[in-house]
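Q: Quick one: structure below, then a few questions.
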Amino acid sequence: MPTLHLAAQAHYPDFALDVRGDWPLEGITALFGPSGSGKSTLLRVIAGLEPRARGRVALDDEVWLAEPPARPVPAHRRGVGLVFQEAGLFPHLTVEGNLRYAEKRSRGVGAAAVRWEDVVRALDLAGLLHRKPGSLSGGERQRAALGRTLLARPRLLLMDEPLAALDARRKAEILPYIEQLPRAFGVPVIYITHDIDEVTRLADRLVLLSQGRVVAAGPLHELLERLDLQPATGRFEAGVVLETRVEHHDERFRLTHVRHGAQALVVPMTDVPVGTVLRLRIRARDVALAVEPPRGLSIRNVLAGTLAALHEEPDTPFAETLVDIGGARLRARLTREAVVDLGLTVGQPVYALVKTIALDRRAAAKAE
Ligand SMILES: Nc1ncnc2c1ncn2[C@@H]1O[C@H](COP(=O)(O)OP(=O)(O)OP(=O)(O)O)[C@@H](O)[C@H]1O
């Protein structure tokens with residue numbers, strides 16, 4: 001797994017980017033932060049497109065940016081593929097023409113194993129090859145743009161809100177294509193998005209940026225469980241991602257039974273095969289706690305666990321809690337009054353109640 005080493009700055013009159021860290025590029029790394037936090041600037045620093053970049057950028061031991069007099073490695077020699085909101089295809093060429101152009105110019109520095117037929121198959125491009133970009137839907141254009149970028153055989157793919165211009169349906173259509181890229185082509189991805197659904201669906205790792213600095217970086221699960229990151233993650237709702245396996249479908253009640261370790265859950269029926277790994281996003285506000293096994297309850301998902309952390313938010317009615325359910329943690333958002341009424345303390349056994357409806361179909365399917 002390649003590692004990106006950063007100790008880089010970019011100064012503008014009203015903004016300073018100062019990013020440090022060594023990021024293992026495992027699968028898809030989501031770059032998340034408020035508008036103006038420096039995400040696109042950082043992407044340009046990595047790509048070699050930011051003239052004000054200073055400091056050091058290296059992929060493994062290949063140094064792309066170092067202190068002067070060393071000259072930065074120019075963008076086209078870094079082997080980085082870029083995908084933006086606008087697909088940027090040549091309008092006068094067919095999709096095939098666009099792809100062939102990229103392939104011809106490929107320097108083959110990165111995923112040398114990327115083959116034409118694999119790209120066409122993985123992105124379902126066969127039916128689009130003879131078409132011109134102007135006749136394609138937004139989602140089709142982005143698939144073609146992805147194909148073109150892959151055929152340039154990058155060693156790293158940088159995506160800056162590639163789906164921002166698409167509506168929810170088109171986004172849902174293209175997400176499965178994106179999520180398979182690192183595994184199918186051995187190319188790590190750094191992905192900027194504002195959309196929490198995209199983060200939970202796609203990301204293996206998460207980097208949180210605020211005011212030009214990295215607030216936290218690490219595996220998605222770990223960061224989503226951290227109660228102290230709320231200010232930086234303000235724009236995405238607190239919650240965790242639980243990886244579960246589909247056990248069976250209940251046609252009668254239209255439910256799918258899934259399992260995470262010893263814990264069984266039910267979700268609204270999905271059409272994925274038994275055995276599929278389903279990533280469920282469980283929001284803190286959809287989880288309630290009980291200190292005794294609840295009875296006579298309509299809620300289907302009752303998970304036995306231990307209260308692992310409790311963070312009361314002063315000046316608000318709320319408290320954030322973390323419940324260890326054996327191998328995974330859930331977040332629950334309660335009122336501070338409930339904390340006092342129930343006498344909640346860290347370490348005590350609790351039952352986490354999750355409304356079935358909360359585990360909606362937008363929860364992502366990730367086939368193994
Ligand atoms: N060429 C430039 N000249 C002046 N300021 C710039 C320039 N490029 C970026 N900035 C400033 O840097 C800051 C970070 O911008 P950047 O686009 O990296 O943020 P972002 O996190 O990607 O935002 P968004 O989510 O809105 O796209 C902004 O305040 C912006 O005004």
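Ordering of the structure tokens sets the chain letters (A, B, ...); residue numbers start at 1 within each chain; ligands are numbered from 1 in the order shown.
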Could you tell me, counting only C-alpha atoms and all ligand atoms, which protein and nucleic acid residues lie no more than 6 Å from ligand 1, written as a ChimeraX atom specification?
A: /A:12,15,34-41
Q: The selected residues should be written to file as an mmCIF file, in the first residue's frame (atoms: N, CA and C atoms).
A:
```
data_model
loop_
_atom_site.group_PDB
_atom_site.id
_atom_site.type_symbol
_atom_site.label_atom_id
_atom_site.label_comp_id
_atom_site.auth_asym_id
_atom_site.auth_seq_id
_atom_site.Cartn_x
_atom_site.Cartn_y
_atom_site.Cartn_z
ATOM 1 N N TYR A 12 -2.148 32.017 0.687
ATOM 2 C CA TYR A 12 -2.838 33.069 -0.055
ATOM 3 C C TYR A 12 -3.059 34.227 0.912
ATOM 4 N N PHE A 15 -5.753 33.086 3.256
ATOM 5 C CA PHE A 15 -5.887 31.664 3.564
ATOM 6 C C PHE A 15 -4.519 31.013 3.616
ATOM 7 N N PRO A 34 -15.378 21.703 5.812
ATOM 8 C CA PRO A 34 -16.288 22.761 5.380
ATOM 9 C C PRO A 34 -15.784 23.475 4.125
ATOM 10 N N SER A 35 -16.690 24.185 3.497
ATOM 11 C CA SER A 35 -16.331 24.966 2.322
ATOM 12 C C SER A 35 -15.223 25.952 2.703
ATOM 13 N N GLY A 36 -14.200 26.010 1.886
ATOM 14 C CA GLY A 36 -13.106 26.930 2.159
ATOM 15 C C GLY A 36 -12.055 26.368 3.095
ATOM 16 N N SER A 37 -12.155 25.081 3.470
ATOM 17 C CA SER A 37 -11.174 24.515 4.405
ATOM 18 C C SER A 37 -9.876 24.138 3.703
ATOM 19 N N GLY A 38 -9.891 24.148 2.374
ATOM 20 C CA GLY A 38 -8.637 23.919 1.654
ATOM 21 C C GLY A 38 -8.547 22.585 0.929
ATOM 22 N N LYS A 39 -9.664 21.910 0.769
ATOM 23 C CA LYS A 39 -9.629 20.572 0.163
ATOM 24 C C LYS A 39 -9.104 20.618 -1.274
ATOM 25 N N SER A 40 -9.677 21.525 -2.071
ATOM 26 C CA SER A 40 -9.245 21.583 -3.480
ATOM 27 C C SER A 40 -7.814 22.085 -3.582
ATOM 28 N N THR A 41 -7.454 23.008 -2.706
ATOM 29 C CA THR A 41 -6.067 23.500 -2.717
ATOM 30 C C THR A 41 -5.105 22.351 -2.415
#
```
Q: Would you kindly return, as a PyMOL selection string, each protein, DNA or RNA residue with an atom no farther than 6 Å from any atom of Leu129 of chain A, considering only C-alpha atoms and excluding same-chain residues fewer than 3 positions away?
A: chain A and resi 95-96+126
Q: For the selection just defined, write its residues with N, CA and C atoms to a file, as a PDB file, in the first residue's frame.
A:
```pdb
ATOM      1  N   VAL A  95     -16.555   8.645 -27.397  1.00  0.00           N
ATOM      2  CA  VAL A  95     -16.014   8.115 -26.132  1.00  0.00           C
ATOM      3  C   VAL A  95     -14.784   7.268 -26.434  1.00  0.00           C
ATOM      4  N   GLU A  96     -14.881   6.436 -27.475  1.00  0.00           N
ATOM      5  CA  GLU A  96     -13.720   5.606 -27.831  1.00  0.00           C
ATOM      6  C   GLU A  96     -12.519   6.479 -28.186  1.00  0.00           C
ATOM      7  N   ALA A 126     -19.141  -0.270 -23.161  1.00  0.00           N
ATOM      8  CA  ALA A 126     -19.236  -0.839 -24.514  1.00  0.00           C
ATOM      9  C   ALA A 126     -20.303  -0.135 -25.340  1.00  0.00           C
TER      10      ALA A 126
END
```
Q: Which one is closest to Glu26 of chain A: A:Thr94, A:Leu220, A:Leu229, A:Tyr177? Count only C-alpha atoms.
A: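 Closest candidate: A:Leu220.
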Q: Find the distance between atom CA of Ser106 of chain A and atom CA of Pro154 of chain A and write it in Å to one decimal.
A: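 Straight-line distance from atom CA of Ser106 of chain A to atom CA of Pro154 of chain A works out to 8.4 Å.
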Q: Residues near Arg20 of chain A, anyone? I mean within 10 Å using only C-alpha atoms, not counting same-chain ones fewer than 4 positions away, as a VMD selection string.
A: chain A and resid 5 to 9 55 to 57 213 to 214
Q: Have a look at atom CA of Thr29 of chain A and atom CA of Glu222 of chain A and let me know their distance in Å, one decimal.
A: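 Separation between atom CA of Thr29 of chain A and atom CA of Glu222 of chain A: 13.4 Å.
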Q: Please return as a PyMOL selection string: the residues of segment 64-283 of chain A that backbone DSSP assigns to strand (DSSP E or B).
A: chain A and resi 64-65+80-83+156-160+189-192+205-210+213-219+239-250+255-260+263-268+277-283
Q: How far is it from atom CA of Glu179 of chain A to atom CA of Ile28 of chain A, in Å with one decimal?
A: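 It comes out at 7.7 Å.
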Q: Write out as a PyMOL selection string all residues of segment 146-228 of chain A that backbone DSSP assigns to helix (DSSP H, G or I).
A: chain A and resi 146-151+168-179+181-185+196-202+220-225+227-228
Q: Please provide the set of residues having any atom within 10 Å of Arg329 of chain A, restricted to only C-alpha atoms, with same-chain residues fewer than 2 positions apart removed, written as a list in words.
A: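 Residues meeting the cut-off are His221, Glu222, Leu224, Glu225, Gly239, Val240, Val241, Leu242, Gly305, Thr306, Leu307, Ala308, Thr321, Leu322, Val323, Asp324, Ile325, Gly326, Gly327, Arg331 and Ala332 of chain A.
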Q: Please identify all polymer residues within 10 Å of His194 of chain A, counting only C-alpha atoms, omitting same-chain residues fewer than 5 positions from it, and present them as a ChimeraX atom specification.
A: /A:30-35,161,164,199,235-236
Q: Using N, CA and C atoms, can you export the residues from the last selection as a compact mmCIF listing (two decimals), in the first residue's frame?
A:
```txt
# COMPACT_ATOMS: atom_id res chain seq x y z
N ALA A 30 -11.41 9.59 1.82
CA ALA A 30 -12.28 10.75 1.62
C ALA A 30 -11.67 11.96 2.30
N LEU A 31 -11.70 13.08 1.60
CA LEU A 31 -11.21 14.35 2.14
C LEU A 31 -12.45 15.18 2.43
N PHE A 32 -12.66 15.49 3.69
CA PHE A 32 -13.91 16.11 4.09
C PHE A 32 -13.63 17.34 4.93
N GLY A 33 -14.41 18.37 4.74
CA GLY A 33 -14.25 19.57 5.55
C GLY A 33 -15.16 20.65 5.02
N PRO A 34 -15.38 21.70 5.81
CA PRO A 34 -16.29 22.76 5.38
C PRO A 34 -15.78 23.47 4.12
N SER A 35 -16.69 24.18 3.50
CA SER A 35 -16.33 24.97 2.32
C SER A 35 -15.22 25.95 2.70
N GLU A 161 -15.08 16.20 -5.94
CA GLU A 161 -16.55 16.23 -6.04
C GLU A 161 -17.05 15.79 -7.41
N ALA A 164 -20.93 15.91 -7.87
CA ALA A 164 -21.68 17.05 -7.33
C ALA A 164 -22.76 17.55 -8.29
N VAL A 199 -19.37 9.55 1.64
CA VAL A 199 -18.27 9.19 2.56
C VAL A 199 -18.51 7.79 3.13
N ARG A 235 -20.89 19.34 9.62
CA ARG A 235 -21.83 19.25 8.53
C ARG A 235 -22.28 17.83 8.25
N PHE A 236 -21.59 16.85 8.80
CA PHE A 236 -22.21 15.55 8.65
C PHE A 236 -22.68 15.03 9.98
```
Q: When distances are computed from only C-alpha atoms, which of A:Arg105, A:His76, A:His130, A:His260 shows the smallest separation from Leu93 of chain A?
A: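 Ranking A:Arg105, A:His76, A:His130, A:His260 by distance to Leu93 of chain A, first place goes to A:His130.
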Q: Determine, counting only C-alpha atoms, which protein, DNA and RNA residues have an atom within 12 Å of an atom of Leu146 of chain A; residues of the same chain fewer than 5 positions away are not included. Present the result as a PyMOL selection string.
A: chain A and resi 81-89+95+98-99+102+119-120+122-125+139-141+151-154+157-159+162-163+174-175+177-178+181+189
